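J.: Attaching a single structure in structure tokens format; questions to follow.
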Amino acid sequence: MRLLVLPPHRDVTLVPEAPEGWQCVDVARDFCRRVFAHDAVEAAAVARERAPATAQTMRELLLLRAAQSVHARAGSSVSTRLRALGAVLSAVSGPPDGVHLRLDDVELEGGTTERSADVLRSLDQLASYREDLTLAAARFTGAERVRLWLERDLQLPAAAWLARACPEQVPLEVAGPFAWAHRAVLAQLSVFQRATFVDAAPLRWRVSPGWDEAAPTSLVWLSEALDVRATTPDTVRALTGGAEGWACL
């Protein structure tokens with residue numbers, strides 16, 4: 001079993017199609033699905049109501065209750081639900097966590113994802129997605145190969161943790177546009193030194209703004225990584241496997 005692992009923190013409105021022979025482990029969507037569940041948001045809100053009142057707990061409670069109101073609203077738009085998810089991520093990743101999440105950003109306590117030393121220091125700090133990383137890493141032992149897929153620097157703290165958790169006997173690969181572009185620097189990090197950096201073909205993504213799996217009829221997302229130069233509908237259909245709809249950057 002070869003595992004293609006997508007660490008947090010990425011655009012979770014897109015679902016990858018696993019290449020032939022690979023099984024996708026989308027830790028990013030698993031994490032967001034877990035913390036955005038109705039019961040999880042309610043439990044987080046109640047915990048803050050029972051905690052001593054501070055500026056932080058009151059702010060987090062406000063964010064969680066606002067997200068709940070969107071949950072309960074029928075027919076809310078995709079953008080509204082994403083704003084609610086962003087509110088939950090901000091609320092559940094505050095101090096004492098060392099990795100603070102926003103919908104489209106990651107802030108490291110006293111550092112940045114653009115500095116290797118800060119990324120390595122974050123490995124031993126609390127992070128709201130640690131439970132999901134642990135569950136994913138538990139599957140590595142029986143894997144034939146593990147490939148971490150990196151689209152952006154925001155995934156580095158989680159990817160570094162997963163790389164460190166990968167058993168020595170399991171071959172470890174790192175791929176994706178960000179990983180390949182920065183392979184010379186990333187290969188120097190202790191957690192990636194045994195990894196093989198692979199110039200893999202870009203993944204094909206389908207748009208799925210909800211938490212259900214993407215359907216065959218879901219829009220295909222044509223990213224810049226595909227370097228598409230399509231001039232006719234037939235060319236685009238060939239690139240998208242015959243899909244009737246597609247979305248571009």
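Labels used: A, B, ... for chains in the order of the structure tokens, numbers from 1 for residues in each chain, and numbers from 1 for ligands as shown.
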Once DSSP has gone over the backbone, tell me which residues of stretch 63-185 of chain A are in alpha helix (DSSP H), as a ChimeraX atom specification.
T.: /A:63-71,78-92,116-121,130-137,156-165,177-181,183-185
J.: Hey, what's within 9 Å of A:Arg2 if we count only C-alpha atoms and toss same-chain stuff fewer than 3 positions away? As a PDB file with C-alpha atoms, in the first residue's frame, please?
T.:
```
ATOM      1  CA  GLY A  21      -1.466   2.617  -7.275  1.00  0.00           C
ATOM      2  CA  TRP A  22      -1.708   5.197  -4.484  1.00  0.00           C
ATOM      3  CA  GLN A  23      -4.160   5.661  -1.640  1.00  0.00           C
ATOM      4  CA  CYS A  24      -4.849   9.238  -0.567  1.00  0.00           C
ATOM      5  CA  ALA A 143       2.841   1.079   4.050  1.00  0.00           C
ATOM      6  CA  GLU A 144       5.004   0.123   1.095  1.00  0.00           C
ATOM      7  CA  ARG A 145       5.879   3.795   0.619  1.00  0.00           C
ATOM      8  CA  VAL A 146       4.801   7.174   2.015  1.00  0.00           C
ATOM      9  CA  ARG A 147       4.734  10.308  -0.133  1.00  0.00           C
TER      10      ARG A 147
END
```
J.: May I ask which of the residues A:Val78, A:Leu186, A:Val15, A:Met58 is the closest one to A:Asp30, counting only C-alpha atoms?
T.: A:Val15
J.: As a PyMOL selection string, please: the residues near A:Ser190 (cut-off 10 Å, only C-alpha atoms, same-chain neighbours under 2 positions excluded).
T.: chain A and resi 120+160+163-164+186-188+192-195
J.: Restrict the selected residues to C-alpha atoms and save them as a PDB file, in the first residue's frame.
T.:
```pdb
ATOM      1  CA  LEU A 120      11.625  22.439  13.411  1.00  0.00           C
ATOM      2  CA  ALA A 160       7.830  17.850   9.143  1.00  0.00           C
ATOM      3  CA  ALA A 163       8.203  12.907   8.207  1.00  0.00           C
ATOM      4  CA  ARG A 164       9.680  12.482  11.678  1.00  0.00           C
ATOM      5  CA  LEU A 186      14.135  21.254   2.533  1.00  0.00           C
ATOM      6  CA  ALA A 187      16.567  18.354   2.062  1.00  0.00           C
ATOM      7  CA  GLN A 188      18.831  19.954   4.665  1.00  0.00           C
ATOM      8  CA  PHE A 192      13.702  15.279   5.471  1.00  0.00           C
ATOM      9  CA  GLN A 193      17.318  14.158   5.109  1.00  0.00           C
ATOM     10  CA  ARG A 194      16.434  10.530   4.420  1.00  0.00           C
ATOM     11  CA  ALA A 195      13.558  11.434   2.096  1.00  0.00           C
TER      12      ALA A 195
END
```
J.: Closest to A:Ser116 among A:Ala165, A:Ala179, A:Leu156, A:Ala84, using only C-alpha atoms?
T.: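 Ranking A:Ala165, A:Ala179, A:Leu156, A:Ala84 by distance to A:Ser116, first place goes to A:Leu156.
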J.: Near A:Ala136, counting only C-alpha atoms, which residues have an atom at most 12 Å away, once you skip same-chain residues fewer than 6 positions from it, shown as a list in words?
T.: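 Returned residues: Leu3, Leu4, Val5, Leu6, Pro7, Pro8, Cys24, Val25, Asp26, Val27, Ala28, Asp30, Phe31, Tyr129, Arg130, Gly142, Ala143, Val146, Leu148, Ala158, Ala159, Trp161, Leu162, Ala163, Ala165 and Cys166 of chain A.
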J.: Quick one: write out the picked residues with N, CA and C atoms as a short mmCIF file (atom, residue, chain, number, x, y, z; two decimals), in the first residue's frame?
T.:
```cif
data_model
loop_
_atom_site.label_atom_id
_atom_site.label_comp_id
_atom_site.auth_asym_id
_atom_site.auth_seq_id
_atom_site.Cartn_x
_atom_site.Cartn_y
_atom_site.Cartn_z
N LEU A 3 0.99 5.28 0.22
CA LEU A 3 0.15 6.33 0.77
C LEU A 3 0.59 7.70 0.26
N LEU A 4 -0.35 8.43 -0.31
CA LEU A 4 -0.15 9.82 -0.70
C LEU A 4 -0.78 10.67 0.39
N VAL A 5 0.05 11.38 1.13
CA VAL A 5 -0.41 12.07 2.34
C VAL A 5 -0.42 13.58 2.10
N LEU A 6 -1.58 14.20 2.36
CA LEU A 6 -1.73 15.65 2.22
C LEU A 6 -1.84 16.27 3.60
N PRO A 7 -0.77 16.90 4.08
CA PRO A 7 -0.79 17.48 5.43
C PRO A 7 -1.61 18.77 5.47
N PRO A 8 -2.11 19.12 6.65
CA PRO A 8 -2.63 20.47 6.83
C PRO A 8 -1.44 21.44 6.66
N CYS A 24 -4.96 7.88 -1.10
CA CYS A 24 -4.85 9.24 -0.57
C CYS A 24 -5.22 9.28 0.91
N VAL A 25 -4.38 9.92 1.70
CA VAL A 25 -4.65 10.18 3.12
C VAL A 25 -4.70 11.70 3.27
N ASP A 26 -5.89 12.27 3.23
CA ASP A 26 -6.04 13.73 3.24
C ASP A 26 -6.21 14.20 4.68
N VAL A 27 -5.08 14.38 5.35
CA VAL A 27 -5.10 14.78 6.75
C VAL A 27 -5.70 16.17 6.90
N ALA A 28 -5.48 17.03 5.92
CA ALA A 28 -6.00 18.40 6.00
C ALA A 28 -7.52 18.41 6.08
N ASP A 30 -9.46 15.79 6.83
CA ASP A 30 -9.87 15.04 8.02
C ASP A 30 -9.89 15.95 9.25
N PHE A 31 -8.85 16.77 9.38
CA PHE A 31 -8.76 17.70 10.51
C PHE A 31 -9.91 18.71 10.49
N TYR A 129 -4.10 20.17 15.17
CA TYR A 129 -4.24 19.02 14.26
C TYR A 129 -3.37 17.83 14.67
N ARG A 130 -2.77 17.86 15.85
CA ARG A 130 -1.88 16.78 16.28
C ARG A 130 -2.60 15.42 16.31
N GLY A 142 2.51 -0.09 8.06
CA GLY A 142 2.23 -1.13 7.08
C GLY A 142 2.32 -0.68 5.64
N ALA A 143 2.82 0.54 5.41
CA ALA A 143 2.84 1.08 4.05
C ALA A 143 4.06 0.60 3.28
N VAL A 146 5.56 6.00 1.59
CA VAL A 146 4.80 7.17 2.01
C VAL A 146 5.31 8.38 1.22
N LEU A 148 4.70 12.47 0.96
CA LEU A 148 4.10 13.70 1.47
C LEU A 148 3.98 14.69 0.31
N ALA A 158 3.24 20.60 9.73
CA ALA A 158 2.60 19.28 9.78
C ALA A 158 3.40 18.25 8.99
N ALA A 159 3.92 18.64 7.83
CA ALA A 159 4.69 17.71 7.01
C ALA A 159 5.96 17.27 7.73
N TRP A 161 6.39 17.07 10.95
CA TRP A 161 5.99 16.15 12.02
C TRP A 161 5.74 14.76 11.45
N LEU A 162 5.04 14.69 10.32
CA LEU A 162 4.74 13.39 9.71
C LEU A 162 6.01 12.71 9.22
N ALA A 163 6.94 13.49 8.67
CA ALA A 163 8.20 12.91 8.21
C ALA A 163 8.97 12.30 9.38
N ALA A 165 7.69 11.13 12.04
CA ALA A 165 6.95 9.97 12.55
C ALA A 165 7.01 8.76 11.63
N CYS A 166 7.48 8.95 10.40
CA CYS A 166 7.53 7.83 9.45
C CYS A 166 8.61 6.84 9.86
#
```
J.: One number please: atom CA of A:Phe36 to atom CA of A:Asp97, in Å, one decimal.
T.: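 It comes out at 18.0 Å.
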J.: In Å, rounded to a single decimal, give me how far atom CA of A:Ala43 is from atom CA of A:Thr113.
T.: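 Separating atom CA of A:Thr113 from atom CA of A:Ala43 is a distance of 29.8 Å.
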J.: Using only C-alpha atoms, find the one residue out of A:Gly86, A:Ala137, A:Ala127, A:Asp132 that sits nearest to A:Pro167.
T.: A:Ala137
J.: Write out as a ChimeraX atom specification which residues come within 12 Å of A:Gln56 when counting only C-alpha atoms, dropping same-chain ones fewer than 3 positions away.
T.: /A:48-49,51-53,59-63,90-96
J.: Using only C-alpha atoms, which residue out of A:Gly210, A:Val174, A:Glu109, A:His182 lies closest to A:Thr196?
T.: A:Val174
J.: Counting only C-alpha atoms, which of A:Ser122, A:Thr80, A:Gln169, A:Gln155 gets nearest to A:Gln68?
T.: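 Result for the nearest residue to A:Gln68: A:Thr80.
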J.: Could you state the separation of atom CA of A:Arg65 and atom CA of A:Ser77 in Å, given to one decimal place?
T.: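 Atom CA of A:Ser77 lies at a distance of 18.0 Å from atom CA of A:Arg65.
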J.: Quick one: DSSP strand (DSSP E) residues in stretch 48-123 of chain A, as JSON, numbers by chain?
T.: {"A": [99, 100, 101, 102, 105, 106, 107, 108]}
J.: Print the selection's residues with N, CA and C atoms to a file, as a PDB file, in the first residue's frame.
T.:
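As a result, again10.pdb now contains:
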```pdb
ATOM      1  N   VAL A  99       1.124  26.494  17.061  1.00  0.00           N
ATOM      2  CA  VAL A  99       0.778  26.622  15.645  1.00  0.00           C
ATOM      3  C   VAL A  99      -0.623  27.210  15.572  1.00  0.00           C
ATOM      4  N   HIS A 100      -0.716  28.465  15.163  1.00  0.00           N
ATOM      5  CA  HIS A 100      -1.994  29.178  15.120  1.00  0.00           C
ATOM      6  C   HIS A 100      -2.516  29.192  13.685  1.00  0.00           C
ATOM      7  N   LEU A 101      -3.758  28.768  13.509  1.00  0.00           N
ATOM      8  CA  LEU A 101      -4.329  28.594  12.178  1.00  0.00           C
ATOM      9  C   LEU A 101      -5.353  29.666  11.848  1.00  0.00           C
ATOM     10  N   ARG A 102      -5.353  30.056  10.601  1.00  0.00           N
ATOM     11  CA  ARG A 102      -6.423  30.851  10.010  1.00  0.00           C
ATOM     12  C   ARG A 102      -6.928  30.058   8.808  1.00  0.00           C
ATOM     13  N   ASP A 105      -3.950  30.735   6.391  1.00  0.00           N
ATOM     14  CA  ASP A 105      -2.635  31.117   6.903  1.00  0.00           C
ATOM     15  C   ASP A 105      -2.275  30.261   8.113  1.00  0.00           C
ATOM     16  N   VAL A 106      -0.990  30.207   8.400  1.00  0.00           N
ATOM     17  CA  VAL A 106      -0.460  29.549   9.593  1.00  0.00           C
ATOM     18  C   VAL A 106       0.535  30.501  10.236  1.00  0.00           C
ATOM     19  N   GLU A 107       0.393  30.718  11.522  1.00  0.00           N
ATOM     20  CA  GLU A 107       1.336  31.539  12.272  1.00  0.00           C
ATOM     21  C   GLU A 107       1.991  30.669  13.336  1.00  0.00           C
ATOM     22  N   LEU A 108       3.317  30.688  13.375  1.00  0.00           N
ATOM     23  CA  LEU A 108       4.044  29.949  14.395  1.00  0.00           C
ATOM     24  C   LEU A 108       4.361  30.874  15.557  1.00  0.00           C
TER      25      LEU A 108
END
```
